[in-house]
>>> print(open('data_25.txt').read())   # compact mmCIF, C-alpha atoms and all ligand atoms
# COMPACT_ATOMS: atom_id res chain seq x y z
CA MET A 1 0.00 0.00 0.00
CA GLN A 2 1.39 3.37 -1.07
CA ALA A 3 0.48 5.30 2.11
CA GLN A 4 1.95 2.52 4.25
CA LEU A 5 5.25 2.74 2.38
CA VAL A 6 5.50 6.47 2.86
CA VAL A 7 4.92 6.08 6.61
CA SER A 8 7.63 3.39 6.88
CA ASP A 9 10.15 5.48 4.94
CA ARG A 10 9.53 8.47 7.09
CA LEU A 11 9.75 6.43 10.27
CA ALA A 12 13.04 4.91 9.17
CA ALA A 13 14.50 8.37 8.51
CA VAL A 14 13.27 9.71 11.83
CA GLY A 15 14.59 6.58 13.55
CA THR A 16 18.13 7.24 12.35
CA LEU A 17 17.95 10.83 13.50
CA ALA A 18 16.37 9.81 16.81
CA ALA A 19 19.17 7.34 17.55
CA GLY A 20 21.74 10.11 17.15
CA VAL A 21 19.80 12.63 19.21
CA ALA A 22 19.11 10.13 22.01
CA HIS A 23 22.78 9.21 22.16
CA GLU A 24 23.88 12.85 22.36
CA ILE A 25 21.38 13.71 25.09
CA ASN A 26 22.11 10.71 27.27
CA ASN A 27 25.54 11.70 28.62
CA PRO A 28 24.78 15.28 29.66
CA LEU A 29 21.49 14.03 31.09
CA ALA A 30 23.23 11.43 33.27
CA PHE A 31 25.46 14.27 34.49
CA VAL A 32 22.45 16.49 35.30
CA LEU A 33 20.71 13.66 37.18
CA SER A 34 23.76 12.76 39.24
CA ASN A 35 24.33 16.44 40.15
CA LEU A 36 20.70 16.78 41.17
CA SER A 37 20.92 13.76 43.40
CA PHE A 38 24.11 15.17 44.95
CA LEU A 39 22.24 18.43 45.61
CA SER A 40 19.35 16.56 47.24
CA VAL A 41 21.73 14.93 49.70
CA GLU A 42 23.51 18.24 50.38
CA LEU A 43 20.20 19.97 50.96
CA GLN A 44 19.29 17.46 53.64
CA ASN A 45 22.62 18.18 55.33
CA VAL A 46 22.12 21.97 55.45
CA THR A 47 18.42 21.83 56.32
CA ARG A 48 19.04 22.55 60.01
CA GLU A 49 20.93 25.78 59.28
CA LEU A 50 18.23 27.44 57.18
CA PRO A 51 14.98 29.15 58.14
CA PRO A 52 12.08 26.70 57.62
CA GLY A 53 10.45 28.55 54.68
CA ARG A 54 13.67 28.59 52.62
CA THR A 55 14.17 24.90 52.87
CA SER A 56 10.82 23.81 51.54
CA GLU A 57 11.12 26.24 48.62
CA MET A 58 14.51 24.82 47.75
CA GLU A 59 13.17 21.31 48.07
CA GLU A 60 10.32 22.15 45.74
CA VAL A 61 12.59 23.70 43.12
CA LEU A 62 14.85 20.69 43.29
CA ARG A 63 11.95 18.27 42.99
CA GLU A 64 10.70 20.10 39.88
CA ALA A 65 14.17 19.92 38.36
CA VAL A 66 14.35 16.18 39.08
CA ASP A 67 10.87 15.62 37.62
CA GLY A 68 11.84 17.55 34.49
CA ALA A 69 15.03 15.56 34.09
CA HIS A 70 13.11 12.30 34.51
CA ARG A 71 10.69 13.41 31.82
CA VAL A 72 13.60 14.07 29.48
CA ARG A 73 15.00 10.63 30.34
CA GLN A 74 11.66 9.04 29.45
CA ILE A 75 11.61 10.83 26.11
CA VAL A 76 15.17 9.71 25.40
CA ARG A 77 14.22 6.11 26.27
CA ASP A 78 11.23 6.30 23.96
CA LEU A 79 13.43 7.67 21.22
CA ARG A 80 15.95 4.88 21.65
CA THR A 81 13.28 2.20 21.59
CA PHE A 82 11.85 3.83 18.53
CA SER A 83 15.15 3.89 16.71
CA ARG A 84 16.19 0.31 17.52
CA GLY A 85 14.91 -1.59 14.58
CA ASP A 86 14.89 -5.31 14.13
CA ASP A 87 18.12 -6.03 16.02
CA GLU A 88 16.14 -7.99 18.58
CA VAL A 89 16.56 -11.75 18.93
CA SER A 90 13.36 -13.39 17.82
CA THR A 91 11.77 -16.15 19.91
CA ALA A 92 8.40 -17.90 20.12
CA VAL A 93 6.11 -15.62 22.10
CA ASN A 94 2.94 -16.52 23.96
CA LEU A 95 0.78 -13.44 23.44
CA GLN A 96 -1.73 -14.37 26.12
CA ALA A 97 0.98 -14.07 28.79
CA VAL A 98 2.25 -10.83 27.23
CA LEU A 99 -1.27 -9.37 27.27
CA GLU A 100 -1.83 -10.40 30.89
CA SER A 101 1.30 -8.64 32.03
CA ALA A 102 0.53 -5.52 29.95
CA ILE A 103 -2.94 -5.41 31.51
CA THR A 104 -1.41 -5.71 34.97
CA MET A 105 0.96 -2.84 34.23
CA ALA A 106 -1.84 -0.64 32.86
CA ARG A 107 -4.26 -1.46 35.66
CA GLY A 108 -3.48 1.73 37.58
CA GLU A 109 -4.50 3.87 34.60
CA LEU A 110 -7.47 1.72 33.68
CA LYS A 111 -9.22 1.10 36.97
CA MET A 112 -10.70 4.60 37.42
CA ARG A 113 -12.00 4.60 33.87
CA ALA A 114 -13.19 1.29 32.54
CA GLN A 115 -13.81 -2.39 33.05
CA ILE A 116 -11.28 -4.61 31.39
CA ILE A 117 -12.80 -7.36 29.30
CA ARG A 118 -10.72 -10.25 28.02
CA ASP A 119 -11.82 -12.31 25.09
CA PHE A 120 -8.89 -14.67 24.65
CA GLY A 121 -9.05 -17.58 22.24
CA ASP A 122 -6.49 -20.33 21.86
CA VAL A 123 -3.72 -19.10 19.60
CA PRO A 124 -0.36 -20.47 18.53
CA PRO A 125 2.80 -18.57 19.54
CA VAL A 126 4.07 -15.84 17.26
CA GLU A 127 7.70 -15.09 16.61
CA GLY A 128 9.17 -11.91 17.99
CA SER A 129 10.18 -10.30 21.24
CA GLU A 130 8.16 -10.64 24.40
CA GLY A 131 9.47 -7.31 25.71
CA ARG A 132 8.73 -5.44 22.50
CA PHE A 133 5.25 -6.85 22.12
CA GLY A 134 4.62 -6.02 25.78
CA GLN A 135 5.54 -2.43 24.99
CA VAL A 136 3.12 -2.35 22.05
CA PHE A 137 0.15 -3.58 24.09
CA LEU A 138 0.99 -1.44 27.10
CA ASN A 139 1.03 1.61 24.81
CA LEU A 140 -2.32 0.66 23.29
CA LEU A 141 -3.87 0.04 26.73
CA ILE A 142 -2.60 3.32 28.17
CA ASN A 143 -3.87 5.21 25.12
CA ALA A 144 -7.23 3.47 25.52
CA ALA A 145 -7.35 4.48 29.18
CA HIS A 146 -6.49 8.09 28.36
CA ALA A 147 -9.29 8.23 25.78
CA ILE A 148 -11.83 7.57 28.56
CA PRO A 149 -12.62 10.25 31.14
CA GLU A 150 -12.10 9.25 34.76
CA GLY A 151 -14.98 8.50 37.07
CA LYS A 152 -17.42 6.18 35.29
CA PRO A 153 -15.66 2.84 35.12
CA GLU A 154 -18.97 0.96 35.18
CA HIS A 155 -20.08 2.66 31.94
CA ASN A 156 -16.91 2.14 29.94
CA GLU A 157 -14.90 -0.79 28.79
CA VAL A 158 -11.53 -1.64 27.36
CA ARG A 159 -11.79 -4.92 25.53
CA VAL A 160 -8.80 -7.05 24.64
CA VAL A 161 -9.39 -9.72 22.02
CA LEU A 162 -6.90 -12.44 21.12
CA ARG A 163 -7.75 -14.75 18.24
CA ALA A 164 -6.23 -16.71 15.40
CA SER A 165 -7.06 -15.97 11.79
CA GLY A 166 -5.42 -18.27 9.25
CA ASP A 167 -1.66 -17.95 9.69
CA ARG A 168 -1.99 -14.73 11.69
CA VAL A 169 -2.68 -13.98 15.30
CA ILE A 170 -4.86 -10.93 15.89
CA VAL A 171 -4.93 -8.75 18.98
CA GLU A 172 -7.56 -6.04 19.27
CA VAL A 173 -7.62 -3.35 21.91
CA SER A 174 -10.93 -1.47 21.88
CA ASP A 175 -12.14 1.35 24.04
CA THR A 176 -15.40 3.21 24.53
CA GLY A 177 -13.52 6.51 24.71
CA VAL A 178 -13.63 9.78 22.82
CA GLY A 179 -12.66 8.34 19.43
CA MET A 180 -10.81 10.22 16.70
CA THR A 181 -11.68 12.45 13.80
CA PRO A 182 -10.41 11.24 10.40
CA GLU A 183 -7.84 14.09 10.48
CA VAL A 184 -6.38 12.89 13.79
CA ARG A 185 -6.54 9.25 12.74
CA ALA A 186 -4.50 10.03 9.64
CA ARG A 187 -1.60 11.32 11.75
CA ILE A 188 -1.47 9.10 14.82
CA PHE A 189 1.48 7.01 13.61
CA ASP A 190 3.57 10.13 12.94
CA PRO A 191 6.39 10.53 15.45
CA PHE A 192 5.67 13.37 17.89
CA PHE A 193 2.04 13.71 16.84
CA THR A 194 -0.02 14.13 20.00
CA THR A 195 -3.29 15.79 20.97
CA LYS A 196 -2.34 15.64 24.64
CA PRO A 197 -1.28 18.70 26.64
CA VAL A 198 2.42 19.58 26.77
CA GLY A 199 4.20 17.32 29.24
CA GLU A 200 1.58 14.54 29.07
CA GLY A 201 2.27 12.91 25.74
CA THR A 202 5.42 12.56 23.67
CA GLY A 203 3.53 11.46 20.58
CA LEU A 204 5.99 8.59 20.18
CA GLY A 205 3.87 5.72 21.50
CA LEU A 206 2.12 4.72 18.32
CA SER A 207 5.10 5.30 16.06
CA ILE A 208 7.03 2.94 18.36
CA CYS A 209 4.18 0.40 18.13
CA HIS A 210 4.16 0.70 14.37
CA GLY A 211 7.94 0.19 14.19
CA ILE A 212 7.88 -2.89 16.43
CA VAL A 213 4.91 -4.57 14.78
CA THR A 214 6.09 -4.06 11.19
CA GLY A 215 9.65 -5.00 12.26
CA PHE A 216 8.31 -8.46 13.13
CA GLY A 217 6.33 -8.80 9.92
CA GLY A 218 2.97 -7.70 11.29
CA ASP A 219 0.69 -4.77 10.74
CA ILE A 220 -1.34 -2.40 12.85
CA SER A 221 -4.55 -0.63 11.90
CA VAL A 222 -7.27 1.36 13.57
CA GLU A 223 -10.98 2.01 13.34
CA SER A 224 -12.48 4.86 15.24
CA GLU A 225 -15.58 6.95 15.58
CA VAL A 226 -15.81 10.23 17.45
CA GLY A 227 -17.84 9.79 20.63
CA ARG A 228 -17.96 5.99 20.34
CA GLY A 229 -14.41 4.80 20.71
CA SER A 230 -11.54 3.19 18.89
CA THR A 231 -10.26 -0.25 18.02
CA PHE A 232 -6.58 -0.90 17.36
CA ARG A 233 -5.89 -4.17 15.55
CA VAL A 234 -2.46 -5.78 15.54
CA SER A 235 -1.92 -8.73 13.25
CA LEU A 236 1.22 -10.87 13.63
CA PRO A 237 2.35 -13.86 11.61
CA VAL A 238 2.41 -17.22 13.39
CA GLY A 239 6.05 -18.09 14.06
CA HIS A 240 7.83 -20.56 11.76
CA ARG A 241 9.20 -22.55 14.65
CA ALA A 242 5.83 -22.50 16.38
CA ARG A 243 4.11 -23.64 13.22
CA ALA A 244 6.61 -26.40 12.61
CA LEU A 245 5.97 -27.73 16.12
CA GLY A 246 2.19 -27.63 15.82
CA ARG A 247 1.89 -29.10 12.36
CA PRO A 248 4.88 -31.05 11.05
CA PRO A 249 5.62 -30.40 7.38
CA PRO A 250 4.88 -33.33 5.01
CA LEU A 251 7.76 -35.70 4.38
CA HIS A 252 9.19 -35.76 0.90
CA LEU A 253 10.87 -39.06 0.22
CA VAL A 254 13.14 -38.61 -2.72
CA GLY A 255 14.45 -41.47 -4.91
P1 LIG B 1 0.69 10.16 22.96
O1 LIG B 1 -0.11 9.11 23.69
O2 LIG B 1 1.97 10.51 23.66
O3 LIG B 1 -0.12 11.35 22.56
P2 LIG B 1 0.66 8.23 20.82
O4 LIG B 1 1.55 8.05 19.63
O5 LIG B 1 0.49 7.09 21.73
O6 LIG B 1 1.20 9.51 21.58
O7 LIG B 1 -0.78 8.68 20.31
C1 LIG B 1 -0.89 9.77 19.42
C2 LIG B 1 -2.29 10.36 19.43
O8 LIG B 1 -3.22 9.41 18.91
C3 LIG B 1 -2.84 10.70 20.82
O9 LIG B 1 -2.38 11.95 21.27
C4 LIG B 1 -4.35 10.70 20.54
O10 LIG B 1 -4.76 11.88 19.90
C5 LIG B 1 -4.49 9.59 19.49
N1 LIG B 1 -4.92 8.32 20.10
C6 LIG B 1 -4.15 7.24 20.32
N2 LIG B 1 -4.86 6.23 20.86
C7 LIG B 1 -6.13 6.68 20.98
C8 LIG B 1 -7.37 6.11 21.46
N3 LIG B 1 -7.43 4.86 21.93
N4 LIG B 1 -8.48 6.89 21.41
C9 LIG B 1 -8.44 8.15 20.93
N5 LIG B 1 -7.31 8.74 20.46
C10 LIG B 1 -6.17 8.03 20.49
MG MG B 2 0.47 7.10 23.89
>>> encode(input="data_25.txt", output="structure tokens", more="lines below")
Ligand code: ADP
Ligand code: MG
Amino acid sequence: MQAQLVVSDRLAAVGTLAAGVAHEINNPLAFVLSNLSFLSVELQNVTRELPPGRTSEMEEVLREAVDGAHRVRQIVRDLRTFSRGDDEVSTAVNLQAVLESAITMARGELKMRAQIIRDFGDVPPVEGSEGRFGQVFLNLLINAAHAIPEGKPEHNEVRVVLRASGDRVIVEVSDTGVGMTPEVRARIFDPFFTTKPVGEGTGLGLSICHGIVTGFGGDISVESEVGRGSTFRVSLPVGHRARALGRPPPLHLVG
């Protein structure tokens, strides 16, 4: 598909740039973080000698600086993940276990907003990386949670479907959240595209998902309707090794 190709090209170019930028930021950032932690310790030591008001202001300023630096570190991590391509060792992955652990990790974000519904069928393993696939589904679950306003968990749901379809395994993550306009939907896989307020979203989540899924031979698509919700569908090929175990190839006796 033409549009798909353009997206992949652009992501590859951004990935190369991102790797360089992440690398350059990492060293000075480590320096900033270690100095900040030195200052925190020092501040505790001088606390007794300062008037009470001064101390808490300094503590607050320091805490903001540490928070900011952590945010930068998270962005750098996202960038590095994004730029690492298919260098990962590929193994047979049980997606049901991956989904369970992603759901556990997202539970904090989900519980105020929606019920989690699992619809897991029996599926063969896929080939890829457990960690990377975990990242994909965690991203999708957190996005789903953020699309649903807090406070009415009994009226909303995030549904996770796992099923086999021919030689593919399909995972769907659906939400009953705000949905997307066609204009937003067209841009969601672009790196740095976000509709979230500054400081809340990096806009890298879905471009990372796209990179991981296509890197392992799969694809990711979305259906969405404003006011009704969204469904992200990830389709991954059944692993060769997994397939060979489940259904032995026919024997060819020659001569
Ligand atoms: P971020 O979450 O940091 O904004 P993402 O790449 O994960 O970056 O998502 C990009 C944008 O796609 C979001 O800002 C949001 O506008 C849209 N989006 C992603 N998932 C959903 C969803 N489940 N429902 C509605 N909009 C979504
Ligand atoms: Mg996101």
>>> residues_near_point(input="data_25.txt", point="(-15.6, 0.5, 32.1)", cutoff="7 Å", atoms="only C-alpha atoms", output="CSV table (one decimal) with C-alpha atoms, keeping the file's coordinate frame")
chain,number,residue,atom,x,y,z
A,113,ARG,CA,-12.0,4.6,33.9
A,114,ALA,CA,-13.2,1.3,32.5
A,115,GLN,CA,-13.8,-2.4,33.0
A,116,ILE,CA,-11.3,-4.6,31.4
A,152,LYS,CA,-17.4,6.2,35.3
A,153,PRO,CA,-15.7,2.8,35.1
A,154,GLU,CA,-19.0,1.0,35.2
A,155,HIS,CA,-20.1,2.7,31.9
A,156,ASN,CA,-16.9,2.1,29.9
A,157,GLU,CA,-14.9,-0.8,28.8
A,158,VAL,CA,-11.5,-1.6,27.4
>>> residues_near_ligand(input="data_25.txt", ligand="ligand MG 2 (chain B)", cutoff="6 Å", atoms="only C-alpha atoms and all ligand atoms", output="list in words")
Asn139, Asn143 and Gly205 of chain A
>>> residues_near_ligand(input="data_25.txt", ligand="ligand LIG 1 (chain B)", cutoff="6 Å", atoms="only C-alpha atoms and all ligand atoms", output="NGL selection string")
:A and (143-144 or 147 or 178-180 or 188 or 193-196 or 201-207 or 230)
>>> closest_residue(input="data_25.txt", among="A:Val89, A:Val98, A:Val160, A:Leu29", to="Gly68 of chain A", atoms="all atoms listed in the file")
A:Leu29
>>> axis_aligned_box(input="data_25.txt", around="segment 71-74 of chain A", padding_each_side="4 Å", output="AutoDock Vina command-line options")
--center_x 12.8 --center_y 11.6 --center_z 30.6 --size_x 12.3 --size_y 13.0 --size_z 10.4
